[in-house]
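Novice: The following file, target_25.cif, comprises mmCIF, C-alpha atoms and all ligand atoms:
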data_work
loop_
_atom_site.label_atom_id
_atom_site.label_comp_id
_atom_site.auth_asym_id
_atom_site.auth_seq_id
_atom_site.Cartn_x
_atom_site.Cartn_y
_atom_site.Cartn_z
CA MET W 64 0.00 0.00 0.00
CA LYS W 65 1.00 3.65 -0.31
CA ALA W 66 1.95 5.60 2.82
CA VAL W 67 3.42 9.02 3.51
CA GLN W 68 6.48 8.73 5.71
CA TYR W 69 8.95 10.91 7.51
CA ARG W 70 11.98 8.76 6.83
CA SER W 71 15.03 10.51 8.24
CA VAL W 72 15.65 13.59 10.37
CA GLY W 73 15.62 16.83 8.40
CA THR W 74 14.12 15.42 5.20
CA ALA W 75 10.71 16.14 3.65
CA PRO W 76 7.88 13.56 3.88
CA GLU W 77 7.86 10.99 1.06
CA VAL W 78 5.24 8.82 -0.61
CA VAL W 79 6.43 5.21 -0.30
CA THR W 80 5.09 1.70 -0.80
CA VAL W 81 4.98 -0.45 2.35
CA PRO W 82 3.33 -3.79 3.16
CA ARG W 83 -0.37 -3.54 4.02
CA PRO W 84 -0.53 -4.09 7.81
CA ALA W 85 -2.60 -6.85 9.40
CA PRO W 86 -4.43 -6.34 12.71
CA GLY W 87 -3.01 -8.31 15.64
CA PRO W 88 -5.17 -9.70 18.45
CA GLY W 89 -7.45 -6.96 19.84
CA GLN W 90 -6.62 -4.55 16.98
CA VAL W 91 -8.65 -3.12 14.11
CA LEU W 92 -7.58 -2.49 10.51
CA LEU W 93 -9.08 0.60 8.89
CA LYS W 94 -9.22 1.47 5.22
CA VAL W 95 -8.42 5.17 5.60
CA THR W 96 -11.09 7.48 4.19
CA ALA W 97 -9.46 10.78 5.22
CA ALA W 98 -6.45 12.02 7.18
CA GLY W 99 -5.76 15.54 8.47
CA VAL W 100 -2.45 17.39 8.31
CA CYS W 101 -1.53 19.12 11.59
CA HIS W 102 1.13 21.73 12.22
CA SER W 103 2.48 19.58 15.07
CA ASP W 104 3.88 17.21 12.40
CA ILE W 105 6.01 20.09 11.14
CA ALA W 106 7.21 20.73 14.70
CA VAL W 107 8.09 17.02 15.05
CA MET W 108 9.92 17.03 11.71
CA SER W 109 12.02 20.01 12.79
CA ARG W 110 13.28 18.27 15.96
CA PRO W 111 16.86 17.00 16.14
CA ALA W 112 17.29 13.20 16.28
CA GLU W 113 17.99 13.14 20.03
CA SER W 114 14.66 14.72 20.95
CA LEU W 115 12.49 12.81 18.44
CA GLY W 116 11.59 10.09 20.95
CA PHE W 117 10.73 7.35 18.45
CA PRO W 118 12.42 5.52 15.59
CA LEU W 119 12.07 6.43 11.90
CA PRO W 120 10.62 5.86 9.36
CA LEU W 121 7.28 7.08 10.67
CA THR W 122 4.01 6.95 8.71
CA LEU W 123 2.53 10.42 9.36
CA GLY W 124 -1.01 11.44 10.25
CA HIS W 125 -2.56 11.71 13.72
CA GLU W 126 -6.00 12.76 12.48
CA GLY W 127 -7.56 9.66 10.95
CA ALA W 128 -10.92 8.34 9.78
CA GLY W 129 -11.71 5.13 7.98
CA THR W 130 -13.96 2.18 7.44
CA VAL W 131 -13.41 -1.06 9.33
CA ALA W 132 -11.55 -3.41 6.94
CA ALA W 133 -10.61 -6.30 9.26
CA LEU W 134 -10.96 -7.21 12.91
CA GLY W 135 -8.14 -8.76 14.94
CA GLU W 136 -8.73 -11.83 17.05
CA GLY W 137 -11.16 -11.21 19.90
CA VAL W 138 -12.53 -7.85 18.66
CA SER W 139 -16.29 -7.48 18.84
CA GLY W 140 -18.77 -4.63 18.66
CA LEU W 141 -17.64 -3.40 15.24
CA ALA W 142 -18.75 -4.53 11.79
CA LEU W 143 -16.80 -4.49 8.55
CA GLY W 144 -17.52 -1.25 6.71
CA ASP W 145 -18.36 0.82 9.84
CA SER W 146 -17.32 4.45 9.31
CA VAL W 147 -15.28 5.64 12.28
CA ALA W 148 -12.96 8.38 13.54
CA VAL W 149 -9.75 7.55 15.39
CA TYR W 150 -9.18 8.90 18.90
CA GLY W 151 -5.47 9.65 18.60
CA PRO W 152 -3.96 10.18 22.07
CA TRP W 153 -3.62 6.51 22.87
CA GLY W 154 -2.96 5.56 26.47
CA CYS W 155 -2.70 2.38 28.51
CA GLY W 156 -6.46 2.20 29.10
CA THR W 157 -6.22 1.36 32.80
CA CYS W 158 -4.34 4.08 34.75
CA PRO W 159 -6.45 6.61 36.72
CA MET W 160 -6.36 9.12 33.83
CA CYS W 161 -7.26 6.53 31.19
CA ALA W 162 -10.03 5.23 33.46
CA GLN W 163 -11.60 8.70 33.15
CA GLY W 164 -11.22 8.59 29.36
CA LYS W 165 -8.37 11.12 29.58
CA GLU W 166 -5.92 8.98 27.63
CA ASN W 167 -4.24 12.22 26.52
CA TYR W 168 -2.93 12.41 30.08
CA CYS W 169 -2.12 8.69 30.49
CA THR W 170 0.44 8.37 33.26
CA ARG W 171 1.99 5.20 31.84
CA ALA W 172 2.11 5.70 28.05
CA ALA W 173 5.77 6.81 27.99
CA GLU W 174 6.88 3.98 30.27
CA LEU W 175 4.97 1.41 28.18
CA GLY W 176 6.17 2.86 24.86
CA ILE W 177 2.60 3.66 23.75
CA ARG W 178 2.56 6.46 21.16
CA PRO W 179 -0.22 8.06 19.11
CA PRO W 180 -0.61 7.03 15.47
CA GLY W 181 1.44 9.38 13.30
CA LEU W 182 3.44 10.50 16.34
CA GLY W 183 5.38 7.30 16.95
CA ALA W 184 2.98 4.53 15.86
CA PRO W 185 2.17 4.19 12.13
CA GLY W 186 -0.31 6.94 11.26
CA ALA W 187 -3.28 7.68 9.05
CA ILE W 188 -1.70 9.15 5.90
CA ALA W 189 -1.72 5.75 4.20
CA GLU W 190 -4.21 3.52 2.48
CA TYR W 191 -4.68 1.41 5.62
CA MET W 192 -3.89 1.86 9.32
CA VAL W 193 -3.99 -0.36 12.38
CA VAL W 194 -5.78 0.96 15.46
CA ASP W 195 -4.50 -0.67 18.64
CA ASP W 196 -7.87 -1.02 20.38
CA PRO W 197 -11.54 -0.60 19.41
CA ARG W 198 -11.97 1.85 22.30
CA HIS W 199 -9.97 4.30 20.17
CA LEU W 200 -12.70 4.39 17.52
CA VAL W 201 -15.78 6.60 17.54
CA PRO W 202 -18.58 6.01 14.99
CA LEU W 203 -18.96 8.92 12.57
CA GLY W 204 -22.71 8.41 12.53
CA GLY W 205 -23.39 9.95 9.13
CA LEU W 206 -20.70 12.66 9.25
CA ASP W 207 -18.62 13.06 6.09
CA PRO W 208 -15.15 11.72 6.98
CA VAL W 209 -13.47 14.45 4.91
CA THR W 210 -14.84 17.35 6.96
CA ALA W 211 -15.08 15.34 10.20
CA VAL W 212 -11.53 14.00 10.36
CA PRO W 213 -10.03 17.34 11.52
CA LEU W 214 -12.37 17.17 14.50
CA THR W 215 -10.18 14.40 15.98
CA ASP W 216 -7.50 17.02 16.75
CA ALA W 217 -8.25 20.44 15.23
CA GLY W 218 -11.71 20.11 16.85
CA LEU W 219 -10.94 18.05 19.95
CA THR W 220 -7.92 20.10 21.13
CA PRO W 221 -9.69 23.50 21.11
CA TYR W 222 -12.85 21.88 22.50
CA HIS W 223 -10.89 20.56 25.50
CA ALA W 224 -9.21 23.95 25.97
CA ILE W 225 -12.46 25.92 25.70
CA LYS W 226 -14.51 23.55 27.87
CA THR W 227 -12.26 24.25 30.86
CA SER W 228 -12.84 27.99 30.43
CA LEU W 229 -16.62 27.92 29.93
CA PRO W 230 -17.34 29.32 33.44
CA LYS W 231 -15.34 32.46 32.55
CA LEU W 232 -17.17 33.01 29.26
CA THR W 233 -20.34 34.59 30.63
CA PRO W 234 -22.49 37.16 28.78
CA GLY W 235 -20.45 40.32 28.25
CA SER W 236 -17.16 38.42 28.26
CA THR W 237 -14.54 38.35 25.52
CA ALA W 238 -12.53 35.42 24.14
CA VAL W 239 -9.39 35.95 22.06
CA VAL W 240 -8.24 33.36 19.50
CA ILE W 241 -4.64 33.80 18.33
CA GLY W 242 -3.92 31.90 15.09
CA THR W 243 -6.99 31.11 13.02
CA GLY W 244 -5.63 28.09 11.13
CA GLY W 245 -6.65 24.45 11.48
CA LEU W 246 -7.32 24.57 15.22
CA GLY W 247 -8.13 28.27 15.49
CA HIS W 248 -10.86 28.40 12.88
CA VAL W 249 -12.65 25.55 14.67
CA ALA W 250 -12.06 27.24 18.05
CA ILE W 251 -13.91 30.35 16.86
CA GLN W 252 -16.91 28.21 15.89
CA LEU W 253 -16.83 26.30 19.18
CA LEU W 254 -16.76 29.57 21.13
CA ARG W 255 -19.73 30.88 19.13
CA ALA W 256 -21.68 27.64 19.59
CA LEU W 257 -20.94 27.13 23.29
CA THR W 258 -20.70 30.63 24.74
CA PRO W 259 -22.20 34.13 24.50
CA ALA W 260 -18.67 35.62 24.48
CA ARG W 261 -17.54 38.19 21.96
CA VAL W 262 -14.78 36.57 19.90
CA ILE W 263 -11.71 38.51 18.76
CA ALA W 264 -9.46 36.66 16.31
CA LEU W 265 -5.80 37.46 15.62
CA ASP W 266 -3.74 36.29 12.65
CA VAL W 267 -1.01 37.59 10.40
CA THR W 268 -2.69 37.91 6.99
CA GLU W 269 -5.88 39.48 5.69
CA GLU W 270 -6.91 36.13 4.13
CA LYS W 271 -6.72 34.37 7.49
CA LEU W 272 -8.63 37.21 9.14
CA ALA W 273 -11.30 36.94 6.43
CA LEU W 274 -11.74 33.23 7.24
CA ALA W 275 -11.95 34.12 10.95
CA ARG W 276 -14.79 36.56 10.26
CA GLU W 277 -16.50 34.08 7.93
CA VAL W 278 -16.58 31.41 10.65
CA GLY W 279 -17.96 33.78 13.26
CA ALA W 280 -15.33 36.06 14.82
CA HIS W 281 -16.91 39.38 15.85
CA GLU W 282 -13.60 41.19 15.38
CA ALA W 283 -10.47 40.22 13.43
CA VAL W 284 -7.24 41.99 14.29
CA LEU W 285 -3.80 41.81 12.70
CA SER W 286 -1.42 40.00 15.07
CA ASP W 287 1.45 42.40 15.64
CA GLY W 288 2.97 44.37 18.50
CA ALA W 289 -0.15 46.55 18.70
CA ALA W 290 -2.65 43.66 18.88
CA ALA W 291 -2.90 43.45 22.67
CA GLY W 292 -3.57 47.20 22.83
CA ARG W 293 -6.30 46.79 20.22
CA VAL W 294 -7.91 44.01 22.30
CA ARG W 295 -7.80 46.32 25.37
CA GLU W 296 -9.46 49.08 23.32
CA LEU W 297 -12.16 46.70 22.12
CA THR W 298 -12.83 45.57 25.69
CA GLY W 299 -12.98 49.04 27.28
CA GLY W 300 -9.54 48.55 28.81
CA LEU W 301 -10.43 45.36 30.68
CA GLY W 302 -8.88 42.71 28.45
CA ALA W 303 -10.26 39.27 27.59
CA GLN W 304 -11.62 36.72 30.07
CA ALA W 305 -10.16 33.86 28.03
CA VAL W 306 -7.26 33.88 25.59
CA PHE W 307 -6.44 30.85 23.44
CA ASP W 308 -3.06 30.92 21.72
CA PHE W 309 -2.92 28.48 18.80
CA VAL W 310 0.58 29.62 17.82
CA GLY W 311 2.46 29.54 21.12
CA ALA W 312 5.49 31.42 19.79
CA PRO W 313 7.26 33.98 22.02
CA PRO W 314 5.50 37.04 20.47
CA THR W 315 2.02 35.47 20.58
CA VAL W 316 2.47 34.28 24.16
CA ALA W 317 3.46 37.86 25.04
CA THR W 318 0.32 39.13 23.29
CA ALA W 319 -1.82 36.48 25.04
CA SER W 320 -0.50 37.57 28.40
CA ALA W 321 -0.85 41.27 27.61
CA CYS W 322 -4.50 41.08 26.55
CA ALA W 323 -5.71 38.98 29.50
CA ALA W 324 -8.16 40.43 32.03
CA VAL W 325 -8.02 40.01 35.80
CA GLU W 326 -9.04 36.38 36.59
CA ALA W 327 -8.60 35.40 32.91
CA ASP W 328 -7.72 31.97 31.61
CA VAL W 329 -4.73 32.09 29.26
CA THR W 330 -4.44 28.82 27.38
CA LEU W 331 -1.31 28.10 25.37
CA VAL W 332 -2.16 25.41 22.83
CA GLY W 333 0.40 26.11 20.12
CA ILE W 334 3.82 24.56 20.54
CA GLY W 335 5.83 27.39 19.05
CA GLY W 336 8.43 27.44 21.82
CA GLY W 337 7.01 30.39 23.79
CA ALA W 338 6.50 30.43 27.57
CA ALA W 339 4.72 32.92 29.79
CA PRO W 340 6.44 34.41 32.83
CA VAL W 341 3.75 34.33 35.55
CA GLY W 342 4.14 36.44 38.65
CA PHE W 343 2.68 39.08 40.93
CA GLY W 344 2.70 42.36 39.09
CA THR W 345 3.74 40.64 35.84
CA THR W 346 0.43 39.02 34.94
CA PRO W 347 -3.13 40.14 35.77
CA PHE W 348 -4.37 39.29 39.28
CA ASP W 349 -5.58 35.69 39.53
CA ALA W 350 -5.03 34.93 35.84
CA ALA W 351 -4.57 31.18 35.22
CA PHE W 352 -2.10 29.93 32.63
CA ARG W 353 -2.51 26.46 31.14
CA ALA W 354 -0.86 24.39 28.40
CA PRO W 355 -3.27 21.52 27.63
CA TYR W 356 -2.69 18.56 25.33
CA TRP W 357 -5.33 17.15 22.93
CA GLY W 358 -8.56 15.93 24.69
CA SER W 359 -10.43 13.02 26.23
CA ARG W 360 -12.35 10.23 24.53
CA ALA W 361 -15.61 11.60 25.91
CA GLU W 362 -14.78 15.04 24.51
CA LEU W 363 -14.22 13.58 21.03
CA ILE W 364 -17.69 12.02 21.20
CA GLU W 365 -19.07 15.43 22.26
CA VAL W 366 -17.30 17.27 19.41
CA LEU W 367 -18.67 14.81 16.85
CA ASP W 368 -22.16 15.21 18.37
CA LEU W 369 -21.78 18.97 18.08
CA ALA W 370 -20.75 18.64 14.42
CA ARG W 371 -23.79 16.45 13.81
CA SER W 372 -25.99 19.25 15.18
CA GLY W 373 -24.67 21.40 12.32
CA VAL W 374 -22.86 24.21 14.18
CA ILE W 375 -19.31 23.41 13.04
CA ASP W 376 -18.23 23.90 9.46
CA VAL W 377 -14.62 22.75 9.07
CA HIS W 378 -12.98 24.38 6.07
CA VAL W 379 -10.92 21.76 4.28
CA GLU W 380 -8.51 21.76 1.37
CA THR W 381 -8.21 18.23 0.00
CA TYR W 382 -5.10 16.60 -1.47
CA ALA W 383 -4.55 13.17 -3.02
CA LEU W 384 -2.17 10.88 -1.09
CA ASP W 385 0.52 11.45 -3.72
CA ASP W 386 0.27 15.20 -3.03
CA ALA W 387 0.59 14.94 0.77
CA PRO W 388 4.17 16.28 0.68
CA THR W 389 2.78 19.39 -1.08
CA ALA W 390 0.15 19.75 1.64
CA TYR W 391 2.94 19.84 4.25
CA GLU W 392 4.78 22.48 2.17
CA HIS W 393 1.65 24.61 1.93
CA LEU W 394 1.02 24.29 5.67
CA HIS W 395 4.61 25.27 6.41
CA GLU W 396 4.26 28.33 4.15
CA GLY W 397 1.02 29.40 5.87
CA ARG W 398 -0.96 28.82 2.66
CA VAL W 399 -3.58 26.38 3.99
CA HIS W 400 -6.96 27.89 4.87
CA GLY W 401 -8.69 25.73 7.46
CA ARG W 402 -7.33 22.17 7.42
CA ALA W 403 -5.50 20.20 4.73
CA VAL W 404 -7.05 16.74 4.42
CA ILE W 405 -5.44 13.85 2.55
CA LEU W 406 -7.67 11.47 0.60
CA PRO W 407 -5.90 8.11 0.15
P1 LIG W 501 -2.00 26.04 11.34
O1 LIG W 501 -0.74 26.27 10.62
O2 LIG W 501 -3.15 25.45 10.62
O3 LIG W 501 -2.50 27.40 12.00
C1 LIG W 501 -1.65 28.31 12.61
C2 LIG W 501 -2.19 29.71 12.33
O4 LIG W 501 -1.43 30.65 13.09
C3 LIG W 501 -2.08 30.13 10.87
O5 LIG W 501 -3.33 30.65 10.44
C4 LIG W 501 -1.01 31.21 10.89
O6 LIG W 501 -1.21 32.20 9.89
C5 LIG W 501 -1.19 31.78 12.27
N1 LIG W 501 -0.03 32.50 12.80
C6 LIG W 501 1.29 32.27 12.59
N2 LIG W 501 2.02 33.19 13.26
C7 LIG W 501 1.14 33.99 13.91
C8 LIG W 501 1.27 35.11 14.78
N3 LIG W 501 2.46 35.62 15.10
N4 LIG W 501 0.13 35.66 15.28
C9 LIG W 501 -1.08 35.16 14.95
N5 LIG W 501 -1.26 34.13 14.13
C10 LIG W 501 -0.17 33.55 13.62
O7 LIG W 501 -1.61 25.14 12.61
P2 LIG W 501 -2.56 24.15 13.47
O8 LIG W 501 -2.46 22.78 12.89
O9 LIG W 501 -3.87 24.79 13.68
O10 LIG W 501 -1.75 24.10 14.85
C11 LIG W 501 -1.68 25.26 15.66
C12 LIG W 501 -0.67 25.03 16.77
O11 LIG W 501 -1.20 24.14 17.74
C13 LIG W 501 0.64 24.40 16.33
O12 LIG W 501 1.70 24.93 17.13
C14 LIG W 501 0.45 22.94 16.65
O13 LIG W 501 1.66 22.25 16.78
C15 LIG W 501 -0.30 23.07 17.95
N6 LIG W 501 -1.10 21.92 18.40
C16 LIG W 501 -1.11 21.68 19.73
C17 LIG W 501 -1.91 20.67 20.23
C18 LIG W 501 -1.96 20.42 21.71
O14 LIG W 501 -2.51 19.40 22.11
N7 LIG W 501 -1.44 21.30 22.54
C19 LIG W 501 -2.68 19.90 19.36
C20 LIG W 501 -2.66 20.19 17.99
C21 LIG W 501 -1.87 21.22 17.52
ZN ZN W 502 -2.14 17.69 15.87
ZN ZN W 503 -3.17 5.23 31.04
#
Could you take the file, read its structure, and then write that structure out as structure tokens?

Specialist:
Amino acid sequence: MKAVQYRSVGTAPEVVTVPRPAPGPGQVLLKVTAAGVCHSDIAVMSRPAESLGFPLPLTLGHEGAGTVAALGEGVSGLALGDSVAVYGPWGCGTCPMCAQGKENYCTRAAELGIRPPGLGAPGAIAEYMVVDDPRHLVPLGGLDPVTAVPLTDAGLTPYHAIKTSLPKLTPGSTAVVIGTGGLGHVAIQLLRALTPARVIALDVTEEKLALAREVGAHEAVLSDGAAAGRVRELTGGLGAQAVFDFVGAPPTVATASACAAVEADVTLVGIGGGAAPVGFGTTPFDAAFRAPYWGSRAELIEVLDLARSGVIDVHVETYALDDAPTAYEHLHEGRVHGRAVILP
């Protein structure tokens, strides 16, 4: 079968032919219907060998959807042809975090060598993929896999981040979304669907700001040194009750911190190497800073339910499997609007 692999440190992803995998006991083989391309893959591919944490080659893709193609020994509850989404942050399934469905915070995954598909285990940008356990599959229930597949990360990650901050997002409040790409453009829609907050979006180009407005941002502001001041102006000097940074680079983290209100939640989702200095007199009184990772199994089910209710419209740009390397180039160059989705 064809697969898109990151084969050696510092090289671009390649389309290769590899043996079609077979599901082992307890596993499920999916014929991939769609796979999303996340900016985290670019971060992984820019790491030096010593901090990679897993061997290469790696089949990319941690946003996956497919139809059940074969069941490993002992698997029940799924039928061949079922259309499913893959819950990506695989954990051990039994530690206290996994027992709550929070496999993204599994306390034993590292020790047991369990890694998400596309981030250590063979991923979804291939014709077929093996899912280690049926609990990592959620039925799509009529959703189109092409527009639903980004929900497994670009939907789930902002949903998890926003859900924690819902108590702060009361009527009259403001939420700021920094970076309106794959995750950010879904975050804006989640904020509009789940809260009465006024949403201010920040990005670096007019095209990205246009998408932000199109998906529901009340205000769209160019992300530069003046952006935090603009947010203060728009909020009568108070700042925003929740700030979500989907870039996480030093300048955006500084902006996130500078536009937060007293008692705000500042959530750093992007992994752009920035960090916020938190301290008395440095950050607003009682502001909480968090850096969450992905989301829980229950939250993925909730995001898919929300999509089924029709309030999330993921903007996708589709690419054939052979063109996946181009999709990564476009993402790297900031040219993808919404999410790039690979169709094997
Ligand atoms: P993306 O490339 O689709 O979107 C990033 C957006 O940020 C783009 O629209 C880009 O124009 C914009 N941007 C770049 N520099 C900016 C700046 N200075 N100010 C404002 N906007 C700016 O990326 P994505 O796939 O949505 O991922 C977003 C980030 O989240 C990445 O860092 C990714 O690695 C990270 N991520 C984290 C988690 C997690 O669990 N914490 C999960 C998924 C992705
Ligand atoms: Zn991701
Ligand atoms: Zn666990």

Novice: May I ask which of the residues W:Asp145, W:Asp386, W:Glu166, W:Glu365 is the closest one to ligand ZN 503 (chain W), counting all atoms listed in the file?

Specialist: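 Nearest to ligand ZN 503 (chain W): W:Glu166.
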
Novice: Applying 7 Å and all atoms listed in the file, which residues near Ile405 (chain W) remain after dropping the ones on its own chain fewer than 5 positions away? List them as a PyMOL selection string.

Specialist: chain W and resi 97-99+188+381-384+387

Novice: Any residue with an atom at most 6 Å from ligand LIG 501 (chain W) counts, using only C-alpha atoms and all ligand atoms. Which are they? Put them as a list in words.

Specialist: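 The neighbouring residues of ligand LIG 501 (chain W) are, in order, Cys101, His102, Ser103, Asp216, Thr220, Ile241, Gly242, Thr243, Gly244, Gly245, Leu246, Gly247, Leu265, Asp266, Val267, Lys271, Ser286, Phe309, Val310, Thr315, Val332, Gly333, Ile334, Gly335, Pro355, Tyr356, Trp357, Leu394 and Gly397 of chain W.
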
Novice: Restrict the calculation to only C-alpha atoms and all ligand atoms, then for each residue of chain W with any atom at most 7 Å from an atom of ligand ZN 503 (chain W) give the closest atom pair and their distance in Å to one decimal, rows by chain and rising residue number, as CSV.

Specialist:
residue,atom,partner,partner_atom,distance
W:Gly154,CA,W:ZN503,ZN,4.6
W:Cys155,CA,W:ZN503,ZN,3.8
W:Gly156,CA,W:ZN503,ZN,4.9
W:Thr157,CA,W:ZN503,ZN,5.2
W:Cys158,CA,W:ZN503,ZN,4.1
W:Pro159,CA,W:ZN503,ZN,6.7
W:Met160,CA,W:ZN503,ZN,5.8
W:Cys161,CA,W:ZN503,ZN,4.3
W:Glu166,CA,W:ZN503,ZN,5.8
W:Cys169,CA,W:ZN503,ZN,3.7
W:Thr170,CA,W:ZN503,ZN,5.3
W:Arg171,CA,W:ZN503,ZN,5.2
W:Ala172,CA,W:ZN503,ZN,6.1

Novice: If we count only C-alpha atoms and set the cut-off at 12 Å, which residues sit around Arg70 (chain W), ignoring sequence neighbours fewer than 3 positions away in its own chain? Please answer as an MDAnalysis selection string.

Specialist: chainID W and resid 66:67 73:79 108 112 117:123

Novice: Give me the residues within 8 Å of Tyr222 (chain W) as a list in words, counting all atoms listed in the file and dropping any in the same chain fewer than 6 places off.

Specialist: Ala250, Leu253, Gly358, Glu362 and Val366 of chain W

Novice: Restricting the calculation to only C-alpha atoms, which member of W:Ala317, W:Ile177, W:Ala184, W:Val72 is positioned closest to Glu113 (chain W)?

Specialist: W:Val72

Novice: Give me the residues of region 159-253 of chain W that have any atom at most 8 Å from an atom of region 80-90 of chain W; for each, the nearest atom pair and the distance in Å, rounded to one decimal. Use all atoms listed in the file, sort by chain and number, and format it as JSON lines.

Specialist:
{"residue": "W:Tyr191", "atom": "CA", "partner": "W:Arg83", "partner_atom": "CA", "distance": 6.8}
{"residue": "W:Met192", "atom": "CA", "partner": "W:Pro84", "partner_atom": "CA", "distance": 7.0}
{"residue": "W:Val193", "atom": "CA", "partner": "W:Pro86", "partner_atom": "CA", "distance": 6.0}
{"residue": "W:Val194", "atom": "CA", "partner": "W:Gln90", "partner_atom": "CA", "distance": 5.8}
{"residue": "W:Asp195", "atom": "CA", "partner": "W:Gln90", "partner_atom": "CA", "distance": 4.7}
{"residue": "W:Asp196", "atom": "CA", "partner": "W:Gln90", "partner_atom": "CA", "distance": 5.1}
{"residue": "W:Pro197", "atom": "CA", "partner": "W:Gln90", "partner_atom": "CA", "distance": 6.8}

Novice: Could those selected residues go to a file with C-alpha atoms, as a PDB file, in the frame of the given file?

Specialist:
ATOM      1  CA  TYR W 191      -4.680   1.410   5.620  1.00  0.00           C
ATOM      2  CA  MET W 192      -3.890   1.860   9.320  1.00  0.00           C
ATOM      3  CA  VAL W 193      -3.990  -0.360  12.380  1.00  0.00           C
ATOM      4  CA  VAL W 194      -5.780   0.960  15.460  1.00  0.00           C
ATOM      5  CA  ASP W 195      -4.500  -0.670  18.640  1.00  0.00           C
ATOM      6  CA  ASP W 196      -7.870  -1.020  20.380  1.00  0.00           C
ATOM      7  CA  PRO W 197     -11.540  -0.600  19.410  1.00  0.00           C
TER       8      PRO W 197
END

Novice: What does the distance between CA of Leu200 (chain W) and CA of Ala148 (chain W) come to in Å, to one decimal place?

Specialist: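 Taking CA of Leu200 (chain W) and CA of Ala148 (chain W), their separation equals 5.6 Å.
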
Novice: Using all atoms listed in the file, which of the listed residues (W:Ala260, W:Ala290, W:Val91, W:Leu272) sits closest to Pro234 (chain W)?

Specialist: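 When distances to Pro234 (chain W) are compared using all atoms listed in the file, the smallest one comes from W:Ala260.
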
Novice: To one decimal in Å, tell me the separation between CA of Arg398 (chain W) and CA of Lys65 (chain W).

Specialist: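 Atom-to-atom, CA of Arg398 (chain W) to CA of Lys65 (chain W), that is 25.4 Å.
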
Novice: Suppose you want the space between CA of Ser320 (chain W) and CA of Leu257 (chain W); what is it in Å?

Specialist: 23.5 Å

Novice: Near Val278 (chain W), within 12 Å and counting only C-alpha atoms, which residues show up once chain neighbours fewer than 2 positions away are dropped, as a ChimeraX atom specification?

Specialist: /W:243-244,247-256,262-264,271-276,280-283,374-378,400-401

Novice: Taking all atoms listed in the file into account, name the residue in W:Leu143, W:Leu182, W:Ala390, W:Val404 that is nearest to ligand ZN 502 (chain W).

Specialist: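 Of all the options, W:Leu182 lies closest to ligand ZN 502 (chain W).
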
Novice: Using all atoms listed in the file for the distances, tell me which of W:Pro313, W:Pro388, W:Pro179, W:Pro208 is nearest to ligand ZN 502 (chain W).

Specialist: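 The closest residue to ligand ZN 502 (chain W) is W:Pro179.
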